[in-house]
Amino acid sequence: MSRYYTEDHEWVEVDGDIGTVGISEYAQGQLGDIVFVEVPDEGKEVGKGDDVAVVESVKAASDVYSPVSGTVIEGNSDLSDNPALVNEDPEGEGWFFKLTLSDPSELEGLMDEAKYAAFVSKL
């Protein structure tokens, strides 16, 4: 599996043609305590950069953008009952949705973990 990041602090972990999407540790730290998450419905077609999910914290509401194009195959239903999962494990159990990638070449424009760490260190 390979993980890629966007400059908007989303990540996508790719296993074959399936991508799992969430927000980074840095992003959840900026948001603070998360109180609500809205994930996309199964079957939704999304384009790279589309706003697909919503995350609300005690500080602000923010859109979550898809790092790649594809079709949503699952939203993380655990987040409706426990949105704090995003604070507890943003790059694991706090994922937002899974999709089937429609254009794997879009991954080439994303950062790997080392490049993302360097990017965040300059913020």
# chains A, B, ... in the order shown; residues from 1 in each chain; ligands from 1
>>> residues_around(residues="region 50-55 of chain A", least_positions_apart="4", cutoff="7 Å", atoms="only C-alpha atoms", output="list in words")
Phe36, Val37, Glu38, Val39, Pro40, Val46, Ala61, Ser62, Asp63, Val64, Tyr65 and Ser66 of chain A
>>> write_last_selection(atoms="N, CA and C atoms", output="PDB file, in the first residue's frame")
ATOM      1  N   PHE A  36     -18.574  16.798  14.469  1.00  0.00           N
ATOM      2  CA  PHE A  36     -19.491  16.292  13.443  1.00  0.00           C
ATOM      3  C   PHE A  36     -18.712  15.988  12.166  1.00  0.00           C
ATOM      4  N   VAL A  37     -19.059  14.886  11.516  1.00  0.00           N
ATOM      5  CA  VAL A  37     -18.462  14.531  10.228  1.00  0.00           C
ATOM      6  C   VAL A  37     -19.575  14.052   9.306  1.00  0.00           C
ATOM      7  N   GLU A  38     -19.573  14.571   8.081  1.00  0.00           N
ATOM      8  CA  GLU A  38     -20.513  14.096   7.057  1.00  0.00           C
ATOM      9  C   GLU A  38     -19.693  13.450   5.955  1.00  0.00           C
ATOM     10  N   VAL A  39     -19.958  12.167   5.692  1.00  0.00           N
ATOM     11  CA  VAL A  39     -19.218  11.443   4.659  1.00  0.00           C
ATOM     12  C   VAL A  39     -20.116  11.232   3.438  1.00  0.00           C
ATOM     13  N   PRO A  40     -19.519  10.989   2.278  1.00  0.00           N
ATOM     14  CA  PRO A  40     -20.324  10.818   1.061  1.00  0.00           C
ATOM     15  C   PRO A  40     -21.035   9.461   1.033  1.00  0.00           C
ATOM     16  N   VAL A  46     -16.893  11.179  -7.796  1.00  0.00           N
ATOM     17  CA  VAL A  46     -16.165  12.371  -7.376  1.00  0.00           C
ATOM     18  C   VAL A  46     -14.982  12.618  -8.303  1.00  0.00           C
ATOM     19  N   ALA A  61     -15.968  24.830  10.534  1.00  0.00           N
ATOM     20  CA  ALA A  61     -16.391  23.762   9.624  1.00  0.00           C
ATOM     21  C   ALA A  61     -15.459  23.806   8.421  1.00  0.00           C
ATOM     22  N   SER A  62     -15.165  22.652   7.873  1.00  0.00           N
ATOM     23  CA  SER A  62     -14.234  22.597   6.761  1.00  0.00           C
ATOM     24  C   SER A  62     -14.654  21.508   5.785  1.00  0.00           C
ATOM     25  N   ASP A  63     -14.443  21.777   4.491  1.00  0.00           N
ATOM     26  CA  ASP A  63     -14.689  20.758   3.487  1.00  0.00           C
ATOM     27  C   ASP A  63     -13.489  19.823   3.410  1.00  0.00           C
ATOM     28  N   VAL A  64     -13.761  18.588   3.045  1.00  0.00           N
ATOM     29  CA  VAL A  64     -12.709  17.615   2.772  1.00  0.00           C
ATOM     30  C   VAL A  64     -12.775  17.326   1.284  1.00  0.00           C
ATOM     31  N   TYR A  65     -11.643  17.484   0.606  1.00  0.00           N
ATOM     32  CA  TYR A  65     -11.584  17.342  -0.848  1.00  0.00           C
ATOM     33  C   TYR A  65     -11.023  15.975  -1.224  1.00  0.00           C
ATOM     34  N   SER A  66     -11.503  15.442  -2.326  1.00  0.00           N
ATOM     35  CA  SER A  66     -10.992  14.153  -2.785  1.00  0.00           C
ATOM     36  C   SER A  66      -9.641  14.354  -3.464  1.00  0.00           C
TER      37      SER A  66
END
>>> residues_around(residues="region 18-31 of chain A", least_positions_apart="4", cutoff="9 Å", atoms="only C-alpha atoms", output="PyMOL selection string")
chain A and resi 5+8-14+55-62+64+66-68+70+73+86-87+89-92+94-101+120
>>> select_by_dssp(residues="chain A", states="helix (DSSP H, G or I)", output="JSON, numbers by chain")
{"A": [25, 26, 27, 28, 29, 30, 31, 78, 79, 80, 81, 85, 86, 87, 88, 104, 105, 106, 107, 108, 109, 113, 114, 115, 116, 117, 118, 119, 120, 121]}
>>> select_by_dssp(residues="region 28-116 of chain A", states="strand (DSSP E)", output="mmCIF file with all heavy atoms, in the first residue's frame")
data_model
loop_
_atom_site.group_PDB
_atom_site.id
_atom_site.type_symbol
_atom_site.label_atom_id
_atom_site.label_comp_id
_atom_site.auth_asym_id
_atom_site.auth_seq_id
_atom_site.Cartn_x
_atom_site.Cartn_y
_atom_site.Cartn_z
ATOM 1 N N ILE A 34 -13.211 17.629 17.088
ATOM 2 C CA ILE A 34 -14.177 17.412 16.009
ATOM 3 C C ILE A 34 -15.494 16.913 16.598
ATOM 4 O O ILE A 34 -15.512 15.988 17.407
ATOM 5 C CB ILE A 34 -13.590 16.456 14.963
ATOM 6 C CG1 ILE A 34 -12.429 17.189 14.273
ATOM 7 C CG2 ILE A 34 -14.646 16.013 13.969
ATOM 8 C CD1 ILE A 34 -11.583 16.374 13.376
ATOM 9 N N VAL A 35 -16.589 17.587 16.200
ATOM 10 C CA VAL A 35 -17.904 17.293 16.773
ATOM 11 C C VAL A 35 -18.895 16.706 15.766
ATOM 12 O O VAL A 35 -19.924 16.175 16.144
ATOM 13 C CB VAL A 35 -18.520 18.557 17.426
ATOM 14 C CG1 VAL A 35 -17.684 19.003 18.617
ATOM 15 C CG2 VAL A 35 -18.661 19.698 16.433
ATOM 16 N N PHE A 36 -18.574 16.798 14.469
ATOM 17 C CA PHE A 36 -19.491 16.292 13.443
ATOM 18 C C PHE A 36 -18.712 15.988 12.166
ATOM 19 O O PHE A 36 -17.822 16.743 11.787
ATOM 20 C CB PHE A 36 -20.572 17.335 13.132
ATOM 21 C CG PHE A 36 -21.485 16.950 12.000
ATOM 22 C CD1 PHE A 36 -22.504 16.026 12.186
ATOM 23 C CD2 PHE A 36 -21.318 17.502 10.737
ATOM 24 C CE1 PHE A 36 -23.338 15.661 11.130
ATOM 25 C CE2 PHE A 36 -22.149 17.151 9.678
ATOM 26 C CZ PHE A 36 -23.162 16.228 9.887
ATOM 27 N N VAL A 37 -19.059 14.886 11.516
ATOM 28 C CA VAL A 37 -18.462 14.531 10.228
ATOM 29 C C VAL A 37 -19.575 14.052 9.306
ATOM 30 O O VAL A 37 -20.420 13.263 9.708
ATOM 31 C CB VAL A 37 -17.409 13.413 10.376
ATOM 32 C CG1 VAL A 37 -16.876 12.997 9.016
ATOM 33 C CG2 VAL A 37 -16.269 13.850 11.282
ATOM 34 N N GLU A 38 -19.573 14.571 8.081
ATOM 35 C CA GLU A 38 -20.513 14.096 7.057
ATOM 36 C C GLU A 38 -19.693 13.450 5.955
ATOM 37 O O GLU A 38 -18.803 14.091 5.386
ATOM 38 C CB GLU A 38 -21.311 15.269 6.498
ATOM 39 C CG GLU A 38 -22.311 14.860 5.436
ATOM 40 C CD GLU A 38 -23.057 16.067 4.872
ATOM 41 O OE1 GLU A 38 -23.398 16.974 5.643
ATOM 42 O OE2 GLU A 38 -23.282 16.073 3.659
ATOM 43 N N GLU A 45 -20.045 9.736 -7.557
ATOM 44 C CA GLU A 45 -18.890 9.941 -8.438
ATOM 45 C C GLU A 45 -18.210 11.232 -8.006
ATOM 46 O O GLU A 45 -18.871 12.263 -7.849
ATOM 47 C CB GLU A 45 -19.346 10.096 -9.894
ATOM 48 C CG GLU A 45 -20.023 8.872 -10.469
ATOM 49 C CD GLU A 45 -19.036 7.773 -10.826
ATOM 50 O OE1 GLU A 45 -17.874 8.071 -11.144
ATOM 51 O OE2 GLU A 45 -19.446 6.595 -10.773
ATOM 52 N N VAL A 46 -16.893 11.179 -7.796
ATOM 53 C CA VAL A 46 -16.165 12.371 -7.376
ATOM 54 C C VAL A 46 -14.982 12.618 -8.303
ATOM 55 O O VAL A 46 -14.393 11.691 -8.846
ATOM 56 C CB VAL A 46 -15.679 12.255 -5.909
ATOM 57 C CG1 VAL A 46 -16.849 12.097 -4.968
ATOM 58 C CG2 VAL A 46 -14.696 11.125 -5.711
ATOM 59 N N ASP A 51 -15.177 18.823 -3.355
ATOM 60 C CA ASP A 51 -15.479 18.716 -1.923
ATOM 61 C C ASP A 51 -16.451 17.556 -1.750
ATOM 62 O O ASP A 51 -17.476 17.491 -2.400
ATOM 63 C CB ASP A 51 -15.995 20.030 -1.328
ATOM 64 C CG ASP A 51 -17.214 20.579 -2.025
ATOM 65 O OD1 ASP A 51 -17.368 20.361 -3.232
ATOM 66 O OD2 ASP A 51 -18.031 21.218 -1.357
ATOM 67 N N VAL A 52 -16.061 16.619 -0.904
ATOM 68 C CA VAL A 52 -16.769 15.343 -0.810
ATOM 69 C C VAL A 52 -17.329 15.098 0.583
ATOM 70 O O VAL A 52 -18.353 14.448 0.737
ATOM 71 C CB VAL A 52 -15.809 14.187 -1.202
ATOM 72 C CG1 VAL A 52 -16.521 12.855 -1.176
ATOM 73 C CG2 VAL A 52 -15.201 14.431 -2.569
ATOM 74 N N ALA A 53 -16.659 15.606 1.587
ATOM 75 C CA ALA A 53 -17.090 15.388 2.973
ATOM 76 C C ALA A 53 -16.989 16.713 3.721
ATOM 77 O O ALA A 53 -16.379 17.666 3.241
ATOM 78 C CB ALA A 53 -16.214 14.328 3.636
ATOM 79 N N VAL A 54 -17.606 16.745 4.905
ATOM 80 C CA VAL A 54 -17.565 17.935 5.760
ATOM 81 C C VAL A 54 -17.124 17.502 7.146
ATOM 82 O O VAL A 54 -17.570 16.471 7.654
ATOM 83 C CB VAL A 54 -18.954 18.613 5.837
ATOM 84 C CG1 VAL A 54 -18.934 19.791 6.798
ATOM 85 C CG2 VAL A 54 -19.419 19.052 4.458
ATOM 86 N N VAL A 55 -16.260 18.301 7.736
ATOM 87 C CA VAL A 55 -15.844 18.053 9.112
ATOM 88 C C VAL A 55 -16.059 19.345 9.898
ATOM 89 O O VAL A 55 -15.707 20.419 9.425
ATOM 90 C CB VAL A 55 -14.380 17.545 9.180
ATOM 91 C CG1 VAL A 55 -13.408 18.525 8.582
ATOM 92 C CG2 VAL A 55 -13.979 17.216 10.598
ATOM 93 N N GLU A 56 -16.710 19.222 11.055
ATOM 94 C CA GLU A 56 -16.952 20.389 11.905
ATOM 95 C C GLU A 56 -16.271 20.167 13.243
ATOM 96 O O GLU A 56 -16.373 19.091 13.835
ATOM 97 C CB GLU A 56 -18.447 20.602 12.127
ATOM 98 C CG GLU A 56 -19.175 21.048 10.884
ATOM 99 C CD GLU A 56 -20.653 21.292 11.120
ATOM 100 O OE1 GLU A 56 -21.073 21.456 12.285
ATOM 101 O OE2 GLU A 56 -21.394 21.316 10.128
ATOM 102 N N SER A 57 -15.605 21.220 13.700
ATOM 103 C CA SER A 57 -14.968 21.176 15.006
ATOM 104 C C SER A 57 -15.550 22.300 15.855
ATOM 105 O O SER A 57 -16.383 23.081 15.379
ATOM 106 C CB SER A 57 -13.454 21.368 14.862
ATOM 107 O OG SER A 57 -13.164 22.701 14.484
ATOM 108 N N ALA A 61 -15.968 24.830 10.534
ATOM 109 C CA ALA A 61 -16.391 23.762 9.624
ATOM 110 C C ALA A 61 -15.459 23.806 8.421
ATOM 111 O O ALA A 61 -15.011 24.877 8.012
ATOM 112 C CB ALA A 61 -17.831 23.970 9.182
ATOM 113 N N SER A 62 -15.165 22.652 7.873
ATOM 114 C CA SER A 62 -14.234 22.597 6.761
ATOM 115 C C SER A 62 -14.654 21.508 5.785
ATOM 116 O O SER A 62 -15.170 20.467 6.191
ATOM 117 C CB SER A 62 -12.832 22.293 7.307
ATOM 118 O OG SER A 62 -11.883 22.310 6.284
ATOM 119 N N ASP A 63 -14.443 21.777 4.491
ATOM 120 C CA ASP A 63 -14.689 20.758 3.487
ATOM 121 C C ASP A 63 -13.489 19.823 3.410
ATOM 122 O O ASP A 63 -12.358 20.220 3.676
ATOM 123 C CB ASP A 63 -14.898 21.393 2.109
ATOM 124 C CG ASP A 63 -16.231 22.121 2.006
ATOM 125 O OD1 ASP A 63 -17.208 21.672 2.641
ATOM 126 O OD2 ASP A 63 -16.299 23.133 1.286
ATOM 127 N N VAL A 64 -13.761 18.588 3.045
ATOM 128 C CA VAL A 64 -12.709 17.615 2.772
ATOM 129 C C VAL A 64 -12.775 17.326 1.284
ATOM 130 O O VAL A 64 -13.840 17.006 0.760
ATOM 131 C CB VAL A 64 -12.912 16.324 3.602
ATOM 132 C CG1 VAL A 64 -11.867 15.286 3.242
ATOM 133 C CG2 VAL A 64 -12.884 16.636 5.090
ATOM 134 N N TYR A 65 -11.643 17.484 0.606
ATOM 135 C CA TYR A 65 -11.584 17.342 -0.848
ATOM 136 C C TYR A 65 -11.023 15.975 -1.224
ATOM 137 O O TYR A 65 -10.162 15.436 -0.525
ATOM 138 C CB TYR A 65 -10.704 18.446 -1.446
ATOM 139 C CG TYR A 65 -11.194 19.825 -1.080
ATOM 140 C CD1 TYR A 65 -10.606 20.531 -0.028
ATOM 141 C CD2 TYR A 65 -12.257 20.410 -1.750
ATOM 142 C CE1 TYR A 65 -11.069 21.781 0.336
ATOM 143 C CE2 TYR A 65 -12.725 21.665 -1.396
ATOM 144 C CZ TYR A 65 -12.125 22.348 -0.353
ATOM 145 O OH TYR A 65 -12.586 23.584 0.010
ATOM 146 N N GLY A 70 -12.905 9.199 -8.660
ATOM 147 C CA GLY A 70 -13.367 7.827 -8.549
ATOM 148 C C GLY A 70 -14.812 7.734 -8.103
ATOM 149 O O GLY A 70 -15.543 8.723 -8.112
ATOM 150 N N THR A 71 -15.210 6.530 -7.720
ATOM 151 C CA THR A 71 -16.559 6.254 -7.247
ATOM 152 C C THR A 71 -16.489 5.800 -5.802
ATOM 153 O O THR A 71 -15.752 4.853 -5.476
ATOM 154 C CB THR A 71 -17.205 5.136 -8.097
ATOM 155 O OG1 THR A 71 -17.174 5.525 -9.473
ATOM 156 C CG2 THR A 71 -18.650 4.892 -7.669
ATOM 157 N N VAL A 72 -17.251 6.475 -4.942
ATOM 158 C CA VAL A 72 -17.262 6.125 -3.515
ATOM 159 C C VAL A 72 -17.866 4.731 -3.344
ATOM 160 O O VAL A 72 -18.936 4.438 -3.863
ATOM 161 C CB VAL A 72 -18.067 7.166 -2.705
ATOM 162 C CG1 VAL A 72 -18.196 6.739 -1.247
ATOM 163 C CG2 VAL A 72 -17.420 8.546 -2.811
ATOM 164 N N ILE A 73 -17.150 3.881 -2.620
ATOM 165 C CA ILE A 73 -17.668 2.539 -2.342
ATOM 166 C C ILE A 73 -18.070 2.383 -0.878
ATOM 167 O O ILE A 73 -18.795 1.461 -0.538
ATOM 168 C CB ILE A 73 -16.674 1.426 -2.755
ATOM 169 C CG1 ILE A 73 -15.327 1.618 -2.091
ATOM 170 C CG2 ILE A 73 -16.549 1.363 -4.265
ATOM 171 C CD1 ILE A 73 -14.356 0.462 -2.292
ATOM 172 N N GLU A 74 -17.616 3.317 -0.022
ATOM 173 C CA GLU A 74 -17.978 3.227 1.390
ATOM 174 C C GLU A 74 -17.647 4.526 2.094
ATOM 175 O O GLU A 74 -16.582 5.105 1.886
ATOM 176 C CB GLU A 74 -17.181 2.083 2.042
ATOM 177 C CG GLU A 74 -17.494 1.861 3.503
ATOM 178 C CD GLU A 74 -16.626 0.768 4.140
ATOM 179 O OE1 GLU A 74 -15.811 0.148 3.441
ATOM 180 O OE2 GLU A 74 -16.787 0.556 5.340
ATOM 181 N N GLY A 75 -18.583 4.987 2.935
ATOM 182 C CA GLY A 75 -18.308 6.079 3.848
ATOM 183 C C GLY A 75 -18.087 5.469 5.227
ATOM 184 O O GLY A 75 -18.658 4.421 5.535
ATOM 185 N N PHE A 97 -13.708 8.103 3.711
ATOM 186 C CA PHE A 97 -14.391 7.302 2.697
ATOM 187 C C PHE A 97 -13.393 6.498 1.885
ATOM 188 O O PHE A 97 -12.193 6.795 1.884
ATOM 189 C CB PHE A 97 -15.258 8.175 1.771
ATOM 190 C CG PHE A 97 -14.508 9.220 0.991
ATOM 191 C CD1 PHE A 97 -14.080 8.963 -0.308
ATOM 192 C CD2 PHE A 97 -14.241 10.461 1.538
ATOM 193 C CE1 PHE A 97 -13.386 9.928 -1.031
ATOM 194 C CE2 PHE A 97 -13.554 11.437 0.817
ATOM 195 C CZ PHE A 97 -13.129 11.166 -0.467
ATOM 196 N N LYS A 98 -13.927 5.476 1.212
ATOM 197 C CA LYS A 98 -13.138 4.659 0.294
ATOM 198 C C LYS A 98 -13.734 4.807 -1.092
ATOM 199 O O LYS A 98 -14.950 4.959 -1.236
ATOM 200 C CB LYS A 98 -13.172 3.179 0.718
ATOM 201 C CG LYS A 98 -12.507 2.945 2.053
ATOM 202 C CD LYS A 98 -12.466 1.484 2.428
ATOM 203 C CE LYS A 98 -11.799 1.351 3.796
ATOM 204 N NZ LYS A 98 -11.438 -0.014 4.112
ATOM 205 N N LEU A 99 -12.864 4.770 -2.102
ATOM 206 C CA LEU A 99 -13.334 4.881 -3.474
ATOM 207 C C LEU A 99 -12.522 4.003 -4.406
ATOM 208 O O LEU A 99 -11.414 3.595 -4.078
ATOM 209 C CB LEU A 99 -13.329 6.337 -3.955
ATOM 210 C CG LEU A 99 -12.101 7.231 -3.786
ATOM 211 C CD1 LEU A 99 -10.961 6.839 -4.688
ATOM 212 C CD2 LEU A 99 -12.483 8.665 -4.086
ATOM 213 N N THR A 100 -13.129 3.709 -5.540
ATOM 214 C CA THR A 100 -12.427 3.025 -6.621
ATOM 215 C C THR A 100 -11.812 4.107 -7.492
ATOM 216 O O THR A 100 -12.525 4.990 -7.975
ATOM 217 C CB THR A 100 -13.403 2.178 -7.458
ATOM 218 O OG1 THR A 100 -14.099 1.289 -6.589
ATOM 219 C CG2 THR A 100 -12.671 1.380 -8.507
ATOM 220 N N LEU A 101 -10.507 4.068 -7.677
ATOM 221 C CA LEU A 101 -9.815 5.086 -8.469
ATOM 222 C C LEU A 101 -10.183 4.957 -9.938
ATOM 223 O O LEU A 101 -10.154 3.860 -10.500
ATOM 224 C CB LEU A 101 -8.299 4.921 -8.333
ATOM 225 C CG LEU A 101 -7.618 5.548 -7.125
ATOM 226 C CD1 LEU A 101 -8.110 4.976 -5.824
ATOM 227 C CD2 LEU A 101 -6.122 5.434 -7.225
#
>>> atom_distance(atom1="CA of Ser2 (chain A)", atom2="CA of Met111 (chain A)")
10.9 Å
>>> closest_residue(among="A:Leu79, A:Leu123, A:Leu107, A:Ala114", to="Lys48 (chain A)", atoms="only C-alpha atoms")
A:Leu107
>>> atom_distance(atom1="CA of Leu110 (chain A)", atom2="CA of Asp33 (chain A)")
27.2 Å
